[in-house]
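Here's the structure, in structure tokens; my notes come after.
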Amino acid sequence: MAQYVDGFVIPIKKKNVSAYKKIAKVGCRAWMKHGALHYYETVGEEFSKHGLGFKKMCKLKPGETFIFAFIVYKSKAQRNRVNKKIMAEMESLFAGMQMPFEMKRFSMAGCQAIVHSK
């Protein structure tokens, strides 16, 4: 059965990356506890001059970068089970934490893996 990936691209002010990292650590523990295979949160450092590039795609403003994150699951069905548990815990997981980015610029997609390394 092919793996399934949730991918995220989040424009963020560079000064807010530390605050985001705290939230990402909470998310990592939760997703892994419920069965995710891998959990990655990365911050943009180099901006490609090839193709559209993340800088243009995200319409980054001065002082901004982006978070590129992805979570790997055994299958889409397993992803749905994990995310159902996460959504049930969401309020308590992130209680008192303010999102350090604009939710209206947050992007997410579920993706079927077609090629991956062993």
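Here's how to read the names in the structure tokens: chain A, B, ... by the order shown, residue numbers from 1 in each chain, ligand numbers from 1 in the order shown.
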Give me every helix (DSSP H, G or I) residue in stretch 19-111 of chain A, going by DSSP on the backbone, as a PDB file with all heavy atoms, in the first residue's frame.
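Result written to selection.pdb:
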```
ATOM      1  N   ALA A  19       8.679  31.213  17.775  1.00  0.00           N
ATOM      2  CA  ALA A  19       7.357  30.919  18.332  1.00  0.00           C
ATOM      3  C   ALA A  19       6.719  29.753  17.577  1.00  0.00           C
ATOM      4  O   ALA A  19       6.090  28.872  18.177  1.00  0.00           O
ATOM      5  CB  ALA A  19       6.464  32.152  18.267  1.00  0.00           C
ATOM      6  N   TYR A  20       6.889  29.725  16.260  1.00  0.00           N
ATOM      7  CA  TYR A  20       6.342  28.630  15.460  1.00  0.00           C
ATOM      8  C   TYR A  20       6.994  27.299  15.853  1.00  0.00           C
ATOM      9  O   TYR A  20       6.326  26.273  15.935  1.00  0.00           O
ATOM     10  CB  TYR A  20       6.534  28.889  13.966  1.00  0.00           C
ATOM     11  CG  TYR A  20       5.924  27.793  13.142  1.00  0.00           C
ATOM     12  CD1 TYR A  20       4.570  27.830  12.814  1.00  0.00           C
ATOM     13  CD2 TYR A  20       6.675  26.687  12.753  1.00  0.00           C
ATOM     14  CE1 TYR A  20       3.987  26.797  12.094  1.00  0.00           C
ATOM     15  CE2 TYR A  20       6.093  25.655  12.043  1.00  0.00           C
ATOM     16  CZ  TYR A  20       4.756  25.711  11.722  1.00  0.00           C
ATOM     17  OH  TYR A  20       4.179  24.669  11.028  1.00  0.00           O
ATOM     18  N   LYS A  21       8.290  27.322  16.106  1.00  0.00           N
ATOM     19  CA  LYS A  21       9.014  26.092  16.461  1.00  0.00           C
ATOM     20  C   LYS A  21       8.422  25.452  17.716  1.00  0.00           C
ATOM     21  O   LYS A  21       8.323  24.226  17.804  1.00  0.00           O
ATOM     22  CB  LYS A  21      10.501  26.400  16.655  1.00  0.00           C
ATOM     23  CG  LYS A  21      11.344  25.167  16.861  1.00  0.00           C
ATOM     24  CD  LYS A  21      12.818  25.534  16.931  1.00  0.00           C
ATOM     25  CE  LYS A  21      13.661  24.307  17.214  1.00  0.00           C
ATOM     26  NZ  LYS A  21      15.087  24.643  17.290  1.00  0.00           N
ATOM     27  N   LYS A  22       8.004  26.252  18.673  1.00  0.00           N
ATOM     28  CA  LYS A  22       7.383  25.715  19.894  1.00  0.00           C
ATOM     29  C   LYS A  22       6.091  24.975  19.552  1.00  0.00           C
ATOM     30  O   LYS A  22       5.831  23.885  20.056  1.00  0.00           O
ATOM     31  CB  LYS A  22       7.095  26.847  20.889  1.00  0.00           C
ATOM     32  CG  LYS A  22       8.339  27.455  21.482  1.00  0.00           C
ATOM     33  CD  LYS A  22       8.012  28.625  22.382  1.00  0.00           C
ATOM     34  CE  LYS A  22       9.295  29.321  22.827  1.00  0.00           C
ATOM     35  NZ  LYS A  22       9.024  30.525  23.608  1.00  0.00           N
ATOM     36  N   ILE A  23       5.290  25.561  18.676  1.00  0.00           N
ATOM     37  CA  ILE A  23       4.040  24.923  18.252  1.00  0.00           C
ATOM     38  C   ILE A  23       4.345  23.650  17.465  1.00  0.00           C
ATOM     39  O   ILE A  23       3.687  22.627  17.625  1.00  0.00           O
ATOM     40  CB  ILE A  23       3.197  25.910  17.426  1.00  0.00           C
ATOM     41  CG1 ILE A  23       2.702  27.040  18.325  1.00  0.00           C
ATOM     42  CG2 ILE A  23       2.044  25.209  16.722  1.00  0.00           C
ATOM     43  CD1 ILE A  23       2.080  28.199  17.584  1.00  0.00           C
ATOM     44  N   ALA A  24       5.356  23.702  16.601  1.00  0.00           N
ATOM     45  CA  ALA A  24       5.728  22.545  15.783  1.00  0.00           C
ATOM     46  C   ALA A  24       6.170  21.365  16.648  1.00  0.00           C
ATOM     47  O   ALA A  24       5.851  20.219  16.337  1.00  0.00           O
ATOM     48  CB  ALA A  24       6.832  22.929  14.806  1.00  0.00           C
ATOM     49  N   LYS A  25       6.871  21.634  17.728  1.00  0.00           N
ATOM     50  CA  LYS A  25       7.303  20.551  18.631  1.00  0.00           C
ATOM     51  C   LYS A  25       6.103  19.866  19.282  1.00  0.00           C
ATOM     52  O   LYS A  25       6.079  18.645  19.423  1.00  0.00           O
ATOM     53  CB  LYS A  25       8.255  21.093  19.694  1.00  0.00           C
ATOM     54  CG  LYS A  25       9.636  21.396  19.155  1.00  0.00           C
ATOM     55  CD  LYS A  25      10.542  21.910  20.264  1.00  0.00           C
ATOM     56  CE  LYS A  25      11.948  22.167  19.757  1.00  0.00           C
ATOM     57  NZ  LYS A  25      12.853  22.605  20.831  1.00  0.00           N
ATOM     58  N   VAL A  26       5.104  20.648  19.661  1.00  0.00           N
ATOM     59  CA  VAL A  26       3.875  20.079  20.226  1.00  0.00           C
ATOM     60  C   VAL A  26       3.189  19.216  19.167  1.00  0.00           C
ATOM     61  O   VAL A  26       2.774  18.087  19.436  1.00  0.00           O
ATOM     62  CB  VAL A  26       2.931  21.207  20.719  1.00  0.00           C
ATOM     63  CG1 VAL A  26       1.559  20.647  21.090  1.00  0.00           C
ATOM     64  CG2 VAL A  26       3.554  21.946  21.896  1.00  0.00           C
ATOM     65  N   GLY A  27       3.096  19.745  17.955  1.00  0.00           N
ATOM     66  CA  GLY A  27       2.487  18.996  16.859  1.00  0.00           C
ATOM     67  C   GLY A  27       3.222  17.700  16.566  1.00  0.00           C
ATOM     68  O   GLY A  27       2.608  16.650  16.386  1.00  0.00           O
ATOM     69  N   CYS A  28       4.533  17.756  16.546  1.00  0.00           N
ATOM     70  CA  CYS A  28       5.341  16.565  16.270  1.00  0.00           C
ATOM     71  C   CYS A  28       5.050  15.459  17.283  1.00  0.00           C
ATOM     72  O   CYS A  28       4.805  14.315  16.908  1.00  0.00           O
ATOM     73  CB  CYS A  28       6.823  16.929  16.278  1.00  0.00           C
ATOM     74  SG  CYS A  28       7.910  15.536  15.895  1.00  0.00           S
ATOM     75  N   ARG A  29       5.080  15.813  18.559  1.00  0.00           N
ATOM     76  CA  ARG A  29       4.801  14.797  19.595  1.00  0.00           C
ATOM     77  C   ARG A  29       3.413  14.190  19.400  1.00  0.00           C
ATOM     78  O   ARG A  29       3.241  12.972  19.503  1.00  0.00           O
ATOM     79  CB  ARG A  29       4.919  15.417  20.992  1.00  0.00           C
ATOM     80  CG  ARG A  29       6.346  15.630  21.439  1.00  0.00           C
ATOM     81  CD  ARG A  29       6.450  16.011  22.906  1.00  0.00           C
ATOM     82  NE  ARG A  29       5.760  17.261  23.225  1.00  0.00           N
ATOM     83  CZ  ARG A  29       6.313  18.466  23.163  1.00  0.00           C
ATOM     84  NH1 ARG A  29       7.575  18.591  22.811  1.00  0.00           N
ATOM     85  NH2 ARG A  29       5.614  19.538  23.473  1.00  0.00           N
ATOM     86  N   ALA A  30       2.426  15.029  19.108  1.00  0.00           N
ATOM     87  CA  ALA A  30       1.056  14.540  18.965  1.00  0.00           C
ATOM     88  C   ALA A  30       0.899  13.628  17.751  1.00  0.00           C
ATOM     89  O   ALA A  30       0.343  12.529  17.859  1.00  0.00           O
ATOM     90  CB  ALA A  30       0.088  15.722  18.874  1.00  0.00           C
ATOM     91  N   TRP A  31       1.366  14.069  16.585  1.00  0.00           N
ATOM     92  CA  TRP A  31       1.208  13.257  15.379  1.00  0.00           C
ATOM     93  C   TRP A  31       1.967  11.932  15.501  1.00  0.00           C
ATOM     94  O   TRP A  31       1.453  10.890  15.114  1.00  0.00           O
ATOM     95  CB  TRP A  31       1.643  14.029  14.136  1.00  0.00           C
ATOM     96  CG  TRP A  31       0.499  14.691  13.422  1.00  0.00           C
ATOM     97  CD1 TRP A  31      -0.238  14.150  12.407  1.00  0.00           C
ATOM     98  CD2 TRP A  31      -0.041  15.993  13.657  1.00  0.00           C
ATOM     99  NE1 TRP A  31      -1.201  15.046  11.998  1.00  0.00           N
ATOM    100  CE2 TRP A  31      -1.101  16.190  12.750  1.00  0.00           C
ATOM    101  CE3 TRP A  31       0.270  17.019  14.542  1.00  0.00           C
ATOM    102  CZ2 TRP A  31      -1.846  17.358  12.696  1.00  0.00           C
ATOM    103  CZ3 TRP A  31      -0.465  18.188  14.484  1.00  0.00           C
ATOM    104  CH2 TRP A  31      -1.515  18.346  13.591  1.00  0.00           C
ATOM    105  N   MET A  32       3.160  11.967  16.051  1.00  0.00           N
ATOM    106  CA  MET A  32       3.932  10.725  16.196  1.00  0.00           C
ATOM    107  C   MET A  32       3.268   9.787  17.205  1.00  0.00           C
ATOM    108  O   MET A  32       3.229   8.574  16.997  1.00  0.00           O
ATOM    109  CB  MET A  32       5.376  11.041  16.591  1.00  0.00           C
ATOM    110  CG  MET A  32       6.154  11.809  15.522  1.00  0.00           C
ATOM    111  SD  MET A  32       6.198  11.019  13.891  1.00  0.00           S
ATOM    112  CE  MET A  32       7.204   9.587  14.263  1.00  0.00           C
ATOM    113  N   LYS A  33       2.724  10.337  18.274  1.00  0.00           N
ATOM    114  CA  LYS A  33       2.025   9.527  19.283  1.00  0.00           C
ATOM    115  C   LYS A  33       0.860   8.774  18.656  1.00  0.00           C
ATOM    116  O   LYS A  33       0.586   7.629  19.008  1.00  0.00           O
ATOM    117  CB  LYS A  33       1.525  10.433  20.414  1.00  0.00           C
ATOM    118  CG  LYS A  33       0.665   9.721  21.460  1.00  0.00           C
ATOM    119  CD  LYS A  33       0.194  10.674  22.548  1.00  0.00           C
ATOM    120  CE  LYS A  33      -1.091  11.338  22.115  1.00  0.00           C
ATOM    121  NZ  LYS A  33      -1.732  12.124  23.179  1.00  0.00           N
ATOM    122  N   GLY A  53       9.269  29.246  -7.828  1.00  0.00           N
ATOM    123  CA  GLY A  53       9.939  29.424  -6.542  1.00  0.00           C
ATOM    124  C   GLY A  53       8.959  29.717  -5.417  1.00  0.00           C
ATOM    125  O   GLY A  53       7.885  30.277  -5.636  1.00  0.00           O
ATOM    126  N   PHE A  54       9.325  29.324  -4.226  1.00  0.00           N
ATOM    127  CA  PHE A  54       8.459  29.510  -3.064  1.00  0.00           C
ATOM    128  C   PHE A  54       8.264  30.988  -2.735  1.00  0.00           C
ATOM    129  O   PHE A  54       7.208  31.382  -2.273  1.00  0.00           O
ATOM    130  CB  PHE A  54       9.046  28.788  -1.842  1.00  0.00           C
ATOM    131  CG  PHE A  54       8.711  27.325  -1.791  1.00  0.00           C
ATOM    132  CD1 PHE A  54       9.105  26.468  -2.797  1.00  0.00           C
ATOM    133  CD2 PHE A  54       8.018  26.809  -0.719  1.00  0.00           C
ATOM    134  CE1 PHE A  54       8.808  25.118  -2.743  1.00  0.00           C
ATOM    135  CE2 PHE A  54       7.704  25.457  -0.653  1.00  0.00           C
ATOM    136  CZ  PHE A  54       8.099  24.609  -1.662  1.00  0.00           C
ATOM    137  N   LYS A  55       9.293  31.797  -2.970  1.00  0.00           N
ATOM    138  CA  LYS A  55       9.191  33.219  -2.637  1.00  0.00           C
ATOM    139  C   LYS A  55       8.036  33.868  -3.404  1.00  0.00           C
ATOM    140  O   LYS A  55       7.208  34.567  -2.822  1.00  0.00           O
ATOM    141  CB  LYS A  55      10.511  33.918  -2.942  1.00  0.00           C
ATOM    142  CG  LYS A  55      10.593  35.333  -2.415  1.00  0.00           C
ATOM    143  CD  LYS A  55      12.009  35.880  -2.580  1.00  0.00           C
ATOM    144  CE  LYS A  55      12.150  37.211  -1.887  1.00  0.00           C
ATOM    145  NZ  LYS A  55      13.528  37.702  -1.910  1.00  0.00           N
ATOM    146  N   LYS A  56       7.973  33.607  -4.706  1.00  0.00           N
ATOM    147  CA  LYS A  56       6.887  34.164  -5.515  1.00  0.00           C
ATOM    148  C   LYS A  56       5.573  33.457  -5.213  1.00  0.00           C
ATOM    149  O   LYS A  56       4.529  34.091  -5.108  1.00  0.00           O
ATOM    150  CB  LYS A  56       7.208  34.042  -7.005  1.00  0.00           C
ATOM    151  CG  LYS A  56       8.172  35.078  -7.509  1.00  0.00           C
ATOM    152  CD  LYS A  56       8.316  34.958  -9.020  1.00  0.00           C
ATOM    153  CE  LYS A  56       9.297  35.982  -9.545  1.00  0.00           C
ATOM    154  NZ  LYS A  56       9.470  35.838 -11.000  1.00  0.00           N
ATOM    155  N   MET A  57       5.618  32.138  -5.102  1.00  0.00           N
ATOM    156  CA  MET A  57       4.398  31.372  -4.864  1.00  0.00           C
ATOM    157  C   MET A  57       3.713  31.828  -3.576  1.00  0.00           C
ATOM    158  O   MET A  57       2.491  31.974  -3.533  1.00  0.00           O
ATOM    159  CB  MET A  57       4.713  29.877  -4.772  1.00  0.00           C
ATOM    160  CG  MET A  57       3.486  29.012  -4.569  1.00  0.00           C
ATOM    161  SD  MET A  57       3.881  27.272  -4.381  1.00  0.00           S
ATOM    162  CE  MET A  57       4.580  27.263  -2.743  1.00  0.00           C
ATOM    163  N   LYS A  76      -3.657   6.595   3.216  1.00  0.00           N
ATOM    164  CA  LYS A  76      -4.642   7.663   3.389  1.00  0.00           C
ATOM    165  C   LYS A  76      -5.610   7.306   4.517  1.00  0.00           C
ATOM    166  O   LYS A  76      -5.972   8.169   5.327  1.00  0.00           O
ATOM    167  CB  LYS A  76      -5.400   7.906   2.086  1.00  0.00           C
ATOM    168  CG  LYS A  76      -6.358   9.076   2.176  1.00  0.00           C
ATOM    169  CD  LYS A  76      -7.012   9.356   0.838  1.00  0.00           C
ATOM    170  CE  LYS A  76      -7.927  10.575   0.931  1.00  0.00           C
ATOM    171  NZ  LYS A  76      -8.534  10.875  -0.377  1.00  0.00           N
ATOM    172  N   ALA A  77      -6.003   6.050   4.606  1.00  0.00           N
ATOM    173  CA  ALA A  77      -6.923   5.621   5.676  1.00  0.00           C
ATOM    174  C   ALA A  77      -6.277   5.831   7.053  1.00  0.00           C
ATOM    175  O   ALA A  77      -6.931   6.313   7.981  1.00  0.00           O
ATOM    176  CB  ALA A  77      -7.319   4.158   5.485  1.00  0.00           C
ATOM    177  N   GLN A  78      -4.991   5.494   7.173  1.00  0.00           N
ATOM    178  CA  GLN A  78      -4.297   5.682   8.446  1.00  0.00           C
ATOM    179  C   GLN A  78      -4.172   7.169   8.748  1.00  0.00           C
ATOM    180  O   GLN A  78      -4.348   7.600   9.879  1.00  0.00           O
ATOM    181  CB  GLN A  78      -2.916   5.004   8.412  1.00  0.00           C
ATOM    182  CG  GLN A  78      -2.267   4.935   9.781  1.00  0.00           C
ATOM    183  CD  GLN A  78      -0.993   5.742   9.903  1.00  0.00           C
ATOM    184  OE1 GLN A  78      -0.542   6.387   8.967  1.00  0.00           O
ATOM    185  NE2 GLN A  78      -0.418   5.719  11.083  1.00  0.00           N
ATOM    186  N   ARG A  79      -3.905   7.985   7.729  1.00  0.00           N
ATOM    187  CA  ARG A  79      -3.843   9.443   7.906  1.00  0.00           C
ATOM    188  C   ARG A  79      -5.167   9.974   8.428  1.00  0.00           C
ATOM    189  O   ARG A  79      -5.202  10.790   9.337  1.00  0.00           O
ATOM    190  CB  ARG A  79      -3.475  10.096   6.575  1.00  0.00           C
ATOM    191  CG  ARG A  79      -3.555  11.605   6.597  1.00  0.00           C
ATOM    192  CD  ARG A  79      -4.890  12.067   6.062  1.00  0.00           C
ATOM    193  NE  ARG A  79      -4.760  13.314   5.333  1.00  0.00           N
ATOM    194  CZ  ARG A  79      -5.640  13.738   4.471  1.00  0.00           C
ATOM    195  NH1 ARG A  79      -6.703  13.037   4.175  1.00  0.00           N
ATOM    196  NH2 ARG A  79      -5.491  14.882   3.875  1.00  0.00           N
ATOM    197  N   ASN A  80      -6.270   9.479   7.876  1.00  0.00           N
ATOM    198  CA  ASN A  80      -7.579   9.937   8.319  1.00  0.00           C
ATOM    199  C   ASN A  80      -7.824   9.568   9.787  1.00  0.00           C
ATOM    200  O   ASN A  80      -8.373  10.375  10.541  1.00  0.00           O
ATOM    201  CB  ASN A  80      -8.687   9.387   7.426  1.00  0.00           C
ATOM    202  CG  ASN A  80      -8.642   9.991   6.036  1.00  0.00           C
ATOM    203  OD1 ASN A  80      -8.035  11.040   5.807  1.00  0.00           O
ATOM    204  ND2 ASN A  80      -9.279   9.324   5.081  1.00  0.00           N
ATOM    205  N   ARG A  81      -7.398   8.375  10.200  1.00  0.00           N
ATOM    206  CA  ARG A  81      -7.557   7.959  11.606  1.00  0.00           C
ATOM    207  C   ARG A  81      -6.709   8.831  12.531  1.00  0.00           C
ATOM    208  O   ARG A  81      -7.168   9.284  13.579  1.00  0.00           O
ATOM    209  CB  ARG A  81      -7.187   6.487  11.778  1.00  0.00           C
ATOM    210  CG  ARG A  81      -8.197   5.512  11.205  1.00  0.00           C
ATOM    211  CD  ARG A  81      -7.914   4.077  11.603  1.00  0.00           C
ATOM    212  NE  ARG A  81      -6.614   3.597  11.159  1.00  0.00           N
ATOM    213  CZ  ARG A  81      -6.367   3.051   9.967  1.00  0.00           C
ATOM    214  NH1 ARG A  81      -7.348   2.926   9.084  1.00  0.00           N
ATOM    215  NH2 ARG A  81      -5.160   2.630   9.654  1.00  0.00           N
ATOM    216  N   VAL A  82      -5.453   9.055  12.147  1.00  0.00           N
ATOM    217  CA  VAL A  82      -4.549   9.889  12.953  1.00  0.00           C
ATOM    218  C   VAL A  82      -5.107  11.300  13.077  1.00  0.00           C
ATOM    219  O   VAL A  82      -5.194  11.854  14.176  1.00  0.00           O
ATOM    220  CB  VAL A  82      -3.121   9.916  12.351  1.00  0.00           C
ATOM    221  CG1 VAL A  82      -2.259  10.974  13.023  1.00  0.00           C
ATOM    222  CG2 VAL A  82      -2.464   8.541  12.461  1.00  0.00           C
ATOM    223  N   ASN A  83      -5.492  11.903  11.949  1.00  0.00           N
ATOM    224  CA  ASN A  83      -5.979  13.283  11.980  1.00  0.00           C
ATOM    225  C   ASN A  83      -7.286  13.424  12.752  1.00  0.00           C
ATOM    226  O   ASN A  83      -7.537  14.464  13.375  1.00  0.00           O
ATOM    227  CB  ASN A  83      -6.087  13.849  10.576  1.00  0.00           C
ATOM    228  CG  ASN A  83      -4.731  14.254  10.034  1.00  0.00           C
ATOM    229  OD1 ASN A  83      -3.750  14.355  10.772  1.00  0.00           O
ATOM    230  ND2 ASN A  83      -4.653  14.485   8.750  1.00  0.00           N
ATOM    231  N   LYS A  84      -8.116  12.405  12.759  1.00  0.00           N
ATOM    232  CA  LYS A  84      -9.346  12.437  13.560  1.00  0.00           C
ATOM    233  C   LYS A  84      -8.992  12.547  15.040  1.00  0.00           C
ATOM    234  O   LYS A  84      -9.596  13.336  15.778  1.00  0.00           O
ATOM    235  CB  LYS A  84     -10.188  11.182  13.294  1.00  0.00           C
ATOM    236  CG  LYS A  84     -11.534  11.198  13.964  1.00  0.00           C
ATOM    237  CD  LYS A  84     -12.358   9.988  13.574  1.00  0.00           C
ATOM    238  CE  LYS A  84     -13.713  10.041  14.261  1.00  0.00           C
ATOM    239  NZ  LYS A  84     -14.538   8.888  13.886  1.00  0.00           N
ATOM    240  N   LYS A  85      -7.994  11.792  15.475  1.00  0.00           N
ATOM    241  CA  LYS A  85      -7.548  11.865  16.875  1.00  0.00           C
ATOM    242  C   LYS A  85      -6.927  13.227  17.174  1.00  0.00           C
ATOM    243  O   LYS A  85      -7.165  13.808  18.236  1.00  0.00           O
ATOM    244  CB  LYS A  85      -6.543  10.752  17.161  1.00  0.00           C
ATOM    245  CG  LYS A  85      -7.146   9.369  17.123  1.00  0.00           C
ATOM    246  CD  LYS A  85      -6.088   8.300  17.286  1.00  0.00           C
ATOM    247  CE  LYS A  85      -6.675   6.916  17.122  1.00  0.00           C
ATOM    248  NZ  LYS A  85      -5.633   5.874  17.185  1.00  0.00           N
ATOM    249  N   ILE A  86      -6.129  13.733  16.243  1.00  0.00           N
ATOM    250  CA  ILE A  86      -5.488  15.041  16.435  1.00  0.00           C
ATOM    251  C   ILE A  86      -6.554  16.136  16.547  1.00  0.00           C
ATOM    252  O   ILE A  86      -6.483  16.991  17.432  1.00  0.00           O
ATOM    253  CB  ILE A  86      -4.524  15.359  15.266  1.00  0.00           C
ATOM    254  CG1 ILE A  86      -3.326  14.405  15.279  1.00  0.00           C
ATOM    255  CG2 ILE A  86      -4.071  16.818  15.301  1.00  0.00           C
ATOM    256  CD1 ILE A  86      -2.406  14.511  16.472  1.00  0.00           C
ATOM    257  N   MET A  87      -7.547  16.114  15.665  1.00  0.00           N
ATOM    258  CA  MET A  87      -8.596  17.135  15.695  1.00  0.00           C
ATOM    259  C   MET A  87      -9.364  17.092  17.012  1.00  0.00           C
ATOM    260  O   MET A  87      -9.740  18.130  17.555  1.00  0.00           O
ATOM    261  CB  MET A  87      -9.557  16.981  14.511  1.00  0.00           C
ATOM    262  CG  MET A  87      -8.922  17.276  13.162  1.00  0.00           C
ATOM    263  SD  MET A  87      -8.185  18.918  13.087  1.00  0.00           S
ATOM    264  CE  MET A  87      -6.559  18.530  12.498  1.00  0.00           C
ATOM    265  N   ALA A  88      -9.565  15.901  17.564  1.00  0.00           N
ATOM    266  CA  ALA A  88     -10.257  15.775  18.849  1.00  0.00           C
ATOM    267  C   ALA A  88      -9.439  16.395  19.977  1.00  0.00           C
ATOM    268  O   ALA A  88      -9.994  16.869  20.966  1.00  0.00           O
ATOM    269  CB  ALA A  88     -10.554  14.302  19.140  1.00  0.00           C
ATOM    270  N   GLU A  89      -8.121  16.398  19.841  1.00  0.00           N
ATOM    271  CA  GLU A  89      -7.224  16.938  20.864  1.00  0.00           C
ATOM    272  C   GLU A  89      -6.771  18.373  20.576  1.00  0.00           C
ATOM    273  O   GLU A  89      -6.102  18.977  21.408  1.00  0.00           O
ATOM    274  CB  GLU A  89      -5.954  16.085  20.950  1.00  0.00           C
ATOM    275  CG  GLU A  89      -6.141  14.720  21.502  1.00  0.00           C
ATOM    276  CD  GLU A  89      -4.811  13.965  21.583  1.00  0.00           C
ATOM    277  OE1 GLU A  89      -3.734  14.567  21.412  1.00  0.00           O
ATOM    278  OE2 GLU A  89      -4.864  12.753  21.819  1.00  0.00           O
ATOM    279  N   MET A  90      -7.103  18.892  19.415  1.00  0.00           N
ATOM    280  CA  MET A  90      -6.535  20.157  18.942  1.00  0.00           C
ATOM    281  C   MET A  90      -6.637  21.287  19.963  1.00  0.00           C
ATOM    282  O   MET A  90      -5.663  21.979  20.227  1.00  0.00           O
ATOM    283  CB  MET A  90      -7.196  20.575  17.628  1.00  0.00           C
ATOM    284  CG  MET A  90      -6.503  21.709  16.924  1.00  0.00           C
ATOM    285  SD  MET A  90      -4.858  21.308  16.350  1.00  0.00           S
ATOM    286  CE  MET A  90      -5.218  20.363  14.898  1.00  0.00           C
ATOM    287  N   GLU A  91      -7.807  21.477  20.526  1.00  0.00           N
ATOM    288  CA  GLU A  91      -7.987  22.594  21.453  1.00  0.00           C
ATOM    289  C   GLU A  91      -7.069  22.460  22.663  1.00  0.00           C
ATOM    290  O   GLU A  91      -6.427  23.427  23.064  1.00  0.00           O
ATOM    291  CB  GLU A  91      -9.446  22.689  21.895  1.00  0.00           C
ATOM    292  CG  GLU A  91      -9.774  24.037  22.502  1.00  0.00           C
ATOM    293  CD  GLU A  91     -11.256  24.221  22.717  1.00  0.00           C
ATOM    294  OE1 GLU A  91     -12.032  24.034  21.762  1.00  0.00           O
ATOM    295  OE2 GLU A  91     -11.623  24.555  23.853  1.00  0.00           O
ATOM    296  N   SER A  92      -6.972  21.271  23.230  1.00  0.00           N
ATOM    297  CA  SER A  92      -6.103  21.099  24.407  1.00  0.00           C
ATOM    298  C   SER A  92      -4.623  21.096  24.024  1.00  0.00           C
ATOM    299  O   SER A  92      -3.785  21.562  24.781  1.00  0.00           O
ATOM    300  CB  SER A  92      -6.461  19.821  25.165  1.00  0.00           C
ATOM    301  OG  SER A  92      -6.229  18.683  24.363  1.00  0.00           O
ATOM    302  N   LEU A  93      -4.301  20.595  22.834  1.00  0.00           N
ATOM    303  CA  LEU A  93      -2.902  20.578  22.390  1.00  0.00           C
ATOM    304  C   LEU A  93      -2.312  21.981  22.308  1.00  0.00           C
ATOM    305  O   LEU A  93      -1.194  22.217  22.738  1.00  0.00           O
ATOM    306  CB  LEU A  93      -2.786  19.937  20.998  1.00  0.00           C
ATOM    307  CG  LEU A  93      -2.770  18.437  20.891  1.00  0.00           C
ATOM    308  CD1 LEU A  93      -2.806  18.017  19.426  1.00  0.00           C
ATOM    309  CD2 LEU A  93      -1.571  17.839  21.582  1.00  0.00           C
ATOM    310  N   MET A 103      -3.404  32.638   9.216  1.00  0.00           N
ATOM    311  CA  MET A 103      -4.077  31.414   8.776  1.00  0.00           C
ATOM    312  C   MET A 103      -4.609  31.535   7.344  1.00  0.00           C
ATOM    313  O   MET A 103      -4.656  30.545   6.628  1.00  0.00           O
ATOM    314  CB  MET A 103      -5.223  31.054   9.726  1.00  0.00           C
ATOM    315  CG  MET A 103      -4.761  30.468  11.050  1.00  0.00           C
ATOM    316  SD  MET A 103      -3.821  28.931  10.887  1.00  0.00           S
ATOM    317  CE  MET A 103      -5.052  27.791  10.312  1.00  0.00           C
ATOM    318  N   LYS A 104      -4.967  32.742   6.907  1.00  0.00           N
ATOM    319  CA  LYS A 104      -5.508  32.892   5.551  1.00  0.00           C
ATOM    320  C   LYS A 104      -4.443  32.643   4.481  1.00  0.00           C
ATOM    321  O   LYS A 104      -4.770  32.436   3.323  1.00  0.00           O
ATOM    322  CB  LYS A 104      -6.150  34.268   5.371  1.00  0.00           C
ATOM    323  CG  LYS A 104      -5.185  35.427   5.437  1.00  0.00           C
ATOM    324  CD  LYS A 104      -5.900  36.749   5.314  1.00  0.00           C
ATOM    325  CE  LYS A 104      -4.890  37.880   5.446  1.00  0.00           C
ATOM    326  NZ  LYS A 104      -5.516  39.160   5.508  1.00  0.00           N
ATOM    327  N   ARG A 105      -3.154  32.628   4.864  1.00  0.00           N
ATOM    328  CA  ARG A 105      -2.080  32.363   3.900  1.00  0.00           C
ATOM    329  C   ARG A 105      -1.516  30.954   4.038  1.00  0.00           C
ATOM    330  O   ARG A 105      -0.602  30.562   3.322  1.00  0.00           O
ATOM    331  CB  ARG A 105      -0.961  33.396   4.082  1.00  0.00           C
ATOM    332  CG  ARG A 105      -1.445  34.807   3.722  1.00  0.00           C
ATOM    333  CD  ARG A 105      -0.392  35.844   3.992  1.00  0.00           C
ATOM    334  NE  ARG A 105       0.755  35.701   3.104  1.00  0.00           N
ATOM    335  CZ  ARG A 105       1.955  36.216   3.373  1.00  0.00           C
ATOM    336  NH1 ARG A 105       2.176  36.887   4.486  1.00  0.00           N
ATOM    337  NH2 ARG A 105       2.954  36.045   2.525  1.00  0.00           N
TER     338      ARG A 105
END
```
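Going from atom CA of A:Tyr73 to atom CA of A:Gly35 covers 7.6 Å.
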A:Lys61 surroundings by only C-alpha atoms, 10 Å radius, close-in-sequence under 3 positions cut, as a short mmCIF file (atom, residue, chain, number, x, y, z; two decimals) with N, CA and C atoms, in the first residue's frame:
```cif
data_model
loop_
_atom_site.label_atom_id
_atom_site.label_comp_id
_atom_site.auth_asym_id
_atom_site.auth_seq_id
_atom_site.Cartn_x
_atom_site.Cartn_y
_atom_site.Cartn_z
N PRO A 11 3.64 30.90 4.85
CA PRO A 11 4.44 32.13 4.92
C PRO A 11 4.46 32.61 6.38
N ILE A 12 5.62 33.09 6.82
CA ILE A 12 5.75 33.51 8.21
C ILE A 12 6.81 34.62 8.32
N LYS A 13 6.60 35.53 9.24
CA LYS A 13 7.60 36.55 9.52
C LYS A 13 8.80 35.87 10.16
N LYS A 55 9.29 31.80 -2.97
CA LYS A 55 9.19 33.22 -2.64
C LYS A 55 8.04 33.87 -3.40
N LYS A 56 7.97 33.61 -4.71
CA LYS A 56 6.89 34.16 -5.51
C LYS A 56 5.57 33.46 -5.21
N CYS A 58 4.50 32.08 -2.54
CA CYS A 58 3.95 32.50 -1.24
C CYS A 58 3.70 33.99 -1.15
N GLU A 64 9.92 38.19 5.59
CA GLU A 64 9.22 36.91 5.70
C GLU A 64 10.04 35.77 5.08
N THR A 65 9.74 34.58 5.53
CA THR A 65 10.24 33.35 4.95
C THR A 65 9.05 32.40 4.91
#
```
